[in-house]
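Colleague: Questions regarding the structure given below will be posed in turn.
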2 protein chains.
Amino acid sequence: MRIGELAERAGTTTRALRYYEQLGLLPARRAGNGYRAYDEGDLRLLREIRMLQDVGFGLEETRPFVECLRAGHPEGDSCPASLEVYERKLAELDDCIARLRDARARVAGQFERAVRARDELAASEQPPRCELTRPTKE
Amino acid sequence: MRIGELAERAGTTTRALRYYEQLGLLPARRAGNGYRAYDEGDLRLLREIRMLQDVGFGLEETRPFVECLRAGHPEGDSCPASLEVYERKLAELDDCIARLRDARARVAGQFERAVRARDELAASEQPPRCELTRPTKE
DNA sequence: GCTGGCGTTGACGCCCGGGGGAAGGTTTAC
DNA sequence: GTAAACCTTCCCCCGGGCGTCAACGCCAGC
């Protein structure tokens with residue numbers, strides 16, 4: 001299989017495949033004419049890469065999974081190195097979520113304070129119209 | 001006050017101040033010699049900018065707050081435009097947090113599945129040593 | 001009058017990942 | 001024979017927020 005076919009079957013581009021090869025992530029054998037030659041195993045590796053990217057992994061983070069598959073394991077995450085990446089990613093996500101929640105809390109605090117200040121200002125400038133003092137219309 | 005002093009008092013750099021001016025965020029009057037001239041009000045604006053940046057606002061998002069202060073309001077968030085930015089930011093943060101949580105859940109699912117697969121494999125390859133069959137040492 | 005420390009403008013660099021796109025040359029396929 | 005697919009190499013880009021020169025002007029002290 002040549003690069004165009006592989007790209008199409010994996011739903012990516014030839015440009016991306018050359019880039020992965022440049023990273024050493026998905027090296028290709030070469031046919032006599034210099035064309036890159038791929039097989040079904042490479043398709044499997046590529047699908048693993050794309051799947052992990054969809055979940056938010058960077059290309060470097062997919063490397064252990066790819067190498068695990070290439071080493072003959074049934075799944076990309078059958079190796080300890082892959083599990084470590086999972087754990088690191090979970091920690092990273094937790095950290096990021098925590099920081100965002102903290103930021104959210106700070107912004108929400110500011111927002112509520114500002115809203116209260118605005119309401120108090122409005123109340124002092126324009127005293128509330130009481131139903132008992134002005135019972136009827138408008 | 002000149003640019004160096006303002007930068008130091010606000011804990012930033014002259015480069016940043018020129019950049020803010022370039023954005024129209026913090027325009028400066030000019031002294032006769034062409035030097036930028038700032039006053040205490042500018043320091044206040046600048047502190048507002050830096051405070052918002054610390055909470056995660058981009059420079060453009062600080063603009064309504066700065067203009068609110070410049071319009072003579074007591075706080076940067078005394079204006080409706082600022083409150084809208086707060087609300088937009090809160091929504092943005094909520095969205096981001098939700099997406100991260102989703103990603104985290106997916107990764108966690110993969111991780112747990114992989115760990116179970118590993119444990120089952122280990123159990124099948126090497127049957128558990130039972131206390132009753134091998135009660136003593138090692 | 002000279003050094004040093006401020007200031008001015010403008011322009012380029014950078015960081016980060018993940019490629020996009022074009023130029024210029026083979027090889028293959030119909 | 002020619003179009004499509006492939007090869008390599010190269011630069012570009014996206015956003016934000018500045019850093020870092022370069023080349024020059026202004027002012028104080030000695």
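Quick note on naming: the chains in the structure tokens go A, B, ... in the order shown, residues restart at 1 in each chain, and ligands are numbered from 1 in order of appearance.
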Just the residues within 12 Å of DG7 in chain C, please, counting only C-alpha atoms (C1' of nucleotides), with nothing from its chain fewer than 2 positions along; format it as a list of chain:residue names.
Modeller: B:Arg2, B:Ile3, B:Gly4, B:Glu5, B:Thr14, B:Arg18, B:Arg30, B:Ala31, B:Asn33, B:Gly34, B:Tyr35, B:Arg36, B:Ala37, C:DG5, C:DT9, D:DC24, D:DG25, D:DC26, D:DC27
Colleague: Taking 3 positions as the minimum chain separation for residues in the same chain, which residues sit within 12 Å of DG21 in chain C when counting only C-alpha atoms (C1' of nucleotides)? Answer as a list in words.
Modeller: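 My list of contacting residues is Arg15 of chain A; DC10, DC11, DC12 and DC13 of chain D.
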Colleague: Restricting it to C-alpha atoms (C1' of nucleotides), dump the selection as a short mmCIF file (atom, residue, chain, number, x, y, z; two decimals), in the first residue's frame.
Modeller:
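What ended up in again25.cif:
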data_model
loop_
_atom_site.label_atom_id
_atom_site.label_comp_id
_atom_site.auth_asym_id
_atom_site.auth_seq_id
_atom_site.Cartn_x
_atom_site.Cartn_y
_atom_site.Cartn_z
CA ARG A 15 1.29 15.28 4.58
"C1'" DC D 10 11.52 24.66 1.97
"C1'" DC D 11 8.92 28.19 4.06
"C1'" DC D 12 4.41 29.50 6.34
"C1'" DC D 13 0.91 29.81 9.93
#
Colleague: At a cut-off of 12 Å, using only C-alpha atoms (C1' of nucleotides), what residues contact range 14-20 of chain C? Leave out same-chain residues fewer than 3 positions from it and give the result as a list in words.
Modeller: Thr12, Thr13, Thr14, Arg15, Ala16, Leu17, Arg18, Tyr19, Tyr20, Gln22, Leu23, Gln53, Phe57, Gly58, Leu59 and Glu60 of chain A; DC11, DC12, DC13, DC14, DG15, DG16, DG17, DC18, DG19 and DT20 of chain D
Colleague: Keeping only N, CA and C atoms (P, O5', C5', C4', C3', O3' and C1' of nucleotides), take the residues you just selected and write them out as a compact mmCIF listing (two decimals), in the first residue's frame.
Modeller:
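What follows is the written file selection-v4.txt:
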# COMPACT_ATOMS: atom_id res chain seq x y z
N THR A 12 -6.77 10.48 6.94
CA THR A 12 -5.84 11.58 7.19
C THR A 12 -5.20 11.98 5.86
N THR A 13 -4.11 12.70 5.91
CA THR A 13 -3.49 13.19 4.68
C THR A 13 -2.09 12.63 4.52
N THR A 14 -1.61 12.68 3.30
CA THR A 14 -0.25 12.21 3.05
C THR A 14 0.75 13.10 3.78
N ARG A 15 0.42 14.34 3.89
CA ARG A 15 1.29 15.28 4.58
C ARG A 15 1.50 14.87 6.02
N ALA A 16 0.42 14.48 6.67
CA ALA A 16 0.51 14.05 8.06
C ALA A 16 1.38 12.79 8.17
N LEU A 17 1.21 11.88 7.24
CA LEU A 17 1.98 10.63 7.30
C LEU A 17 3.48 10.90 7.16
N ARG A 18 3.81 11.81 6.26
CA ARG A 18 5.24 12.15 6.11
C ARG A 18 5.76 12.81 7.38
N TYR A 19 4.89 13.58 7.98
CA TYR A 19 5.27 14.24 9.23
C TYR A 19 5.50 13.20 10.33
N TYR A 20 4.63 12.22 10.43
CA TYR A 20 4.80 11.17 11.45
C TYR A 20 6.09 10.41 11.21
N GLN A 22 8.72 11.62 9.82
CA GLN A 22 9.79 12.54 10.19
C GLN A 22 10.04 12.50 11.70
N LEU A 23 8.97 12.32 12.45
CA LEU A 23 9.09 12.20 13.90
C LEU A 23 9.58 10.82 14.33
N GLN A 53 -5.20 10.76 19.47
CA GLN A 53 -5.29 12.20 19.22
C GLN A 53 -6.68 12.72 19.48
N PHE A 57 -4.49 13.42 23.07
CA PHE A 57 -3.07 13.15 23.24
C PHE A 57 -2.27 13.88 22.18
N GLY A 58 -1.11 14.34 22.58
CA GLY A 58 -0.16 14.88 21.61
C GLY A 58 0.53 13.72 20.91
N LEU A 59 1.17 14.01 19.80
CA LEU A 59 1.80 12.94 19.03
C LEU A 59 2.86 12.21 19.84
N GLU A 60 3.66 12.94 20.58
CA GLU A 60 4.70 12.29 21.37
C GLU A 60 4.12 11.34 22.39
P DC D 11 13.96 27.81 4.30
O5' DC D 11 12.54 28.56 4.20
C5' DC D 11 12.13 29.16 2.97
C4' DC D 11 10.61 29.37 2.98
C3' DC D 11 10.11 30.23 4.15
O3' DC D 11 9.16 31.15 3.65
C1' DC D 11 8.92 28.19 4.06
P DC D 12 8.46 32.24 4.63
O5' DC D 12 7.05 31.60 4.99
C5' DC D 12 6.05 31.49 3.96
C4' DC D 12 4.75 31.01 4.58
C3' DC D 12 4.35 31.82 5.82
O3' DC D 12 3.00 32.21 5.66
C1' DC D 12 4.41 29.50 6.34
P DC D 13 2.48 33.45 6.55
O5' DC D 13 1.11 32.82 7.06
C5' DC D 13 0.83 31.43 6.84
C4' DC D 13 0.09 30.88 8.03
C3' DC D 13 0.05 31.87 9.21
O3' DC D 13 -1.23 31.84 9.80
C1' DC D 13 0.91 29.81 9.93
P DC D 14 -2.07 33.19 9.97
O5' DC D 14 -3.32 32.76 10.86
C5' DC D 14 -3.69 31.39 11.05
C4' DC D 14 -3.62 30.99 12.50
C3' DC D 14 -3.27 32.14 13.46
O3' DC D 14 -4.48 32.73 13.94
C1' DC D 14 -2.09 30.11 14.00
P DG D 15 -4.65 34.22 14.33
O5' DG D 15 -5.17 34.02 15.82
C5' DG D 15 -5.16 32.75 16.47
C4' DG D 15 -4.70 32.88 17.91
C3' DG D 15 -4.53 34.32 18.40
O3' DG D 15 -5.03 34.36 19.73
C1' DG D 15 -2.45 33.16 18.63
P DG D 16 -5.86 35.67 20.26
O5' DG D 16 -4.97 35.86 21.56
C5' DG D 16 -3.73 35.18 21.55
C4' DG D 16 -3.03 35.30 22.83
C3' DG D 16 -2.87 36.72 23.34
O3' DG D 16 -2.73 36.64 24.73
C1' DG D 16 -0.78 35.90 22.55
P DG D 17 -2.88 37.95 25.58
O5' DG D 17 -1.33 38.27 25.87
C5' DG D 17 -0.53 37.23 26.40
C4' DG D 17 0.93 37.65 26.39
C3' DG D 17 1.16 39.15 26.63
O3' DG D 17 2.21 39.30 27.56
C1' DG D 17 2.30 38.46 24.73
P DC D 18 2.31 40.61 28.45
O5' DC D 18 2.88 41.77 27.53
C5' DC D 18 4.26 42.04 27.45
C4' DC D 18 5.05 40.88 26.87
C3' DC D 18 6.56 41.15 26.81
O3' DC D 18 7.22 40.47 27.85
C1' DC D 18 5.73 40.03 24.84
P DG D 19 8.74 40.99 28.17
O5' DG D 19 9.64 40.24 27.10
C5' DG D 19 9.92 38.85 27.23
C4' DG D 19 11.14 38.45 26.41
C3' DG D 19 12.42 39.24 26.67
O3' DG D 19 13.54 38.37 26.49
C1' DG D 19 11.74 39.60 24.43
P DT D 20 15.03 38.82 26.87
O5' DT D 20 15.62 39.32 25.47
C5' DT D 20 15.29 38.61 24.27
C4' DT D 20 15.92 39.32 23.07
C3' DT D 20 17.03 40.32 23.40
O3' DT D 20 18.08 40.16 22.47
C1' DT D 20 15.41 41.37 22.07
Colleague: Please report as a ChimeraX atom specification which residues of chain B come no farther than 10 Å from chain A, using only C-alpha atoms.
Modeller: /B:52,54-57,75-80,82-87,89-94,96-108,110-115,117-118,121
Colleague: Could you give me, as a ChimeraX atom specification, the residues within 12 Å of DA23 in chain D, counting only C-alpha atoms (C1' of nucleotides) and dropping anything in the same chain fewer than 6 positions from it?
Modeller: /C:8-11
Colleague: If you run DSSP over the backbone, which residues in range 76-134 of chain A end up alpha helix (DSSP H)? Put them as a count of residues only.
Modeller: 46
Colleague: Please return, as an MDAnalysis selection string, all residues of chain D lying within 10 Å of chain A when only C-alpha atoms (C1' of nucleotides) are considered.
Modeller: chainID D and resid 5:7
Colleague: Could you write out that same residue set with N, CA and C atoms (P, O5', C5', C4', C3', O3' and C1' of nucleotides) as a CSV table (one decimal), in the first residue's frame?
Modeller:
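Contents of part_13.csv, freshly written:
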chain,number,residue,atom,x,y,z
D,5,DA,P,-4.7,10.9,-7.9
D,5,DA,O5',-3.3,10.4,-7.4
D,5,DA,C5',-2.9,9.1,-7.7
D,5,DA,C4',-1.4,8.9,-7.4
D,5,DA,C3',-1.0,9.4,-6.0
D,5,DA,O3',-0.4,8.4,-5.3
D,5,DA,C1',0.5,10.2,-7.6
D,6,DC,P,0.0,8.5,-3.7
D,6,DC,O5',1.5,8.8,-3.8
D,6,DC,C5',2.4,7.8,-4.2
D,6,DC,C4',3.7,8.4,-4.6
D,6,DC,C3',4.4,9.2,-3.4
D,6,DC,O3',5.3,8.3,-2.7
D,6,DC,C1',4.8,10.1,-5.6
D,7,DC,P,5.9,8.9,-1.4
D,7,DC,O5',7.1,9.8,-2.0
D,7,DC,C5',8.3,9.1,-2.5
D,7,DC,C4',9.3,10.1,-3.0
D,7,DC,C3',9.8,11.1,-1.9
D,7,DC,O3',10.8,10.6,-1.2
D,7,DC,C1',9.4,12.1,-4.1
Colleague: May I ask for the distance between CA of Val66 in chain A and CA of Leu26 in chain A, given in Å to one decimal place?
Modeller: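 Here the two named atoms are 8.2 Å from each other.
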Colleague: Provide the C1' of DT28 in chain C to C1' of DA3 in chain D distance in Å, to one decimal place.
Modeller: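 Those two atoms sit 10.4 Å apart.
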Colleague: Could you jot down the CA of Glu67 in chain A to CA of Ala123 in chain B separation for me, Å, one decimal place?
Modeller: 24.2 Å
Colleague: Would you give me, as a PyMOL selection string, the residues in chain A that DSSP reads as strand (DSSP E or B)?
Modeller: chain A and resi 29-30+36-37
Colleague: Within 12 Å of DC30 in chain C, counting only C-alpha atoms (C1' of nucleotides), which residues show up once you throw out same-chain ones fewer than 5 positions away? Write them as a ChimeraX atom specification, please.
Modeller: /D:1-4
Colleague: Hey, can you spit out that residue selection with C-alpha atoms (C1' of nucleotides) as an mmCIF file, in the first residue's frame?
Modeller:
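This is the output file part_14.cif:
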data_model
loop_
_atom_site.group_PDB
_atom_site.id
_atom_site.type_symbol
_atom_site.label_atom_id
_atom_site.label_comp_id
_atom_site.auth_asym_id
_atom_site.auth_seq_id
_atom_site.Cartn_x
_atom_site.Cartn_y
_atom_site.Cartn_z
ATOM 1 C "C1'" DG D 1 1.381 11.068 -23.975
ATOM 2 C "C1'" DT D 2 -0.272 13.005 -20.188
ATOM 3 C "C1'" DA D 3 -2.412 13.235 -15.850
ATOM 4 C "C1'" DA D 4 -2.183 11.627 -11.281
#
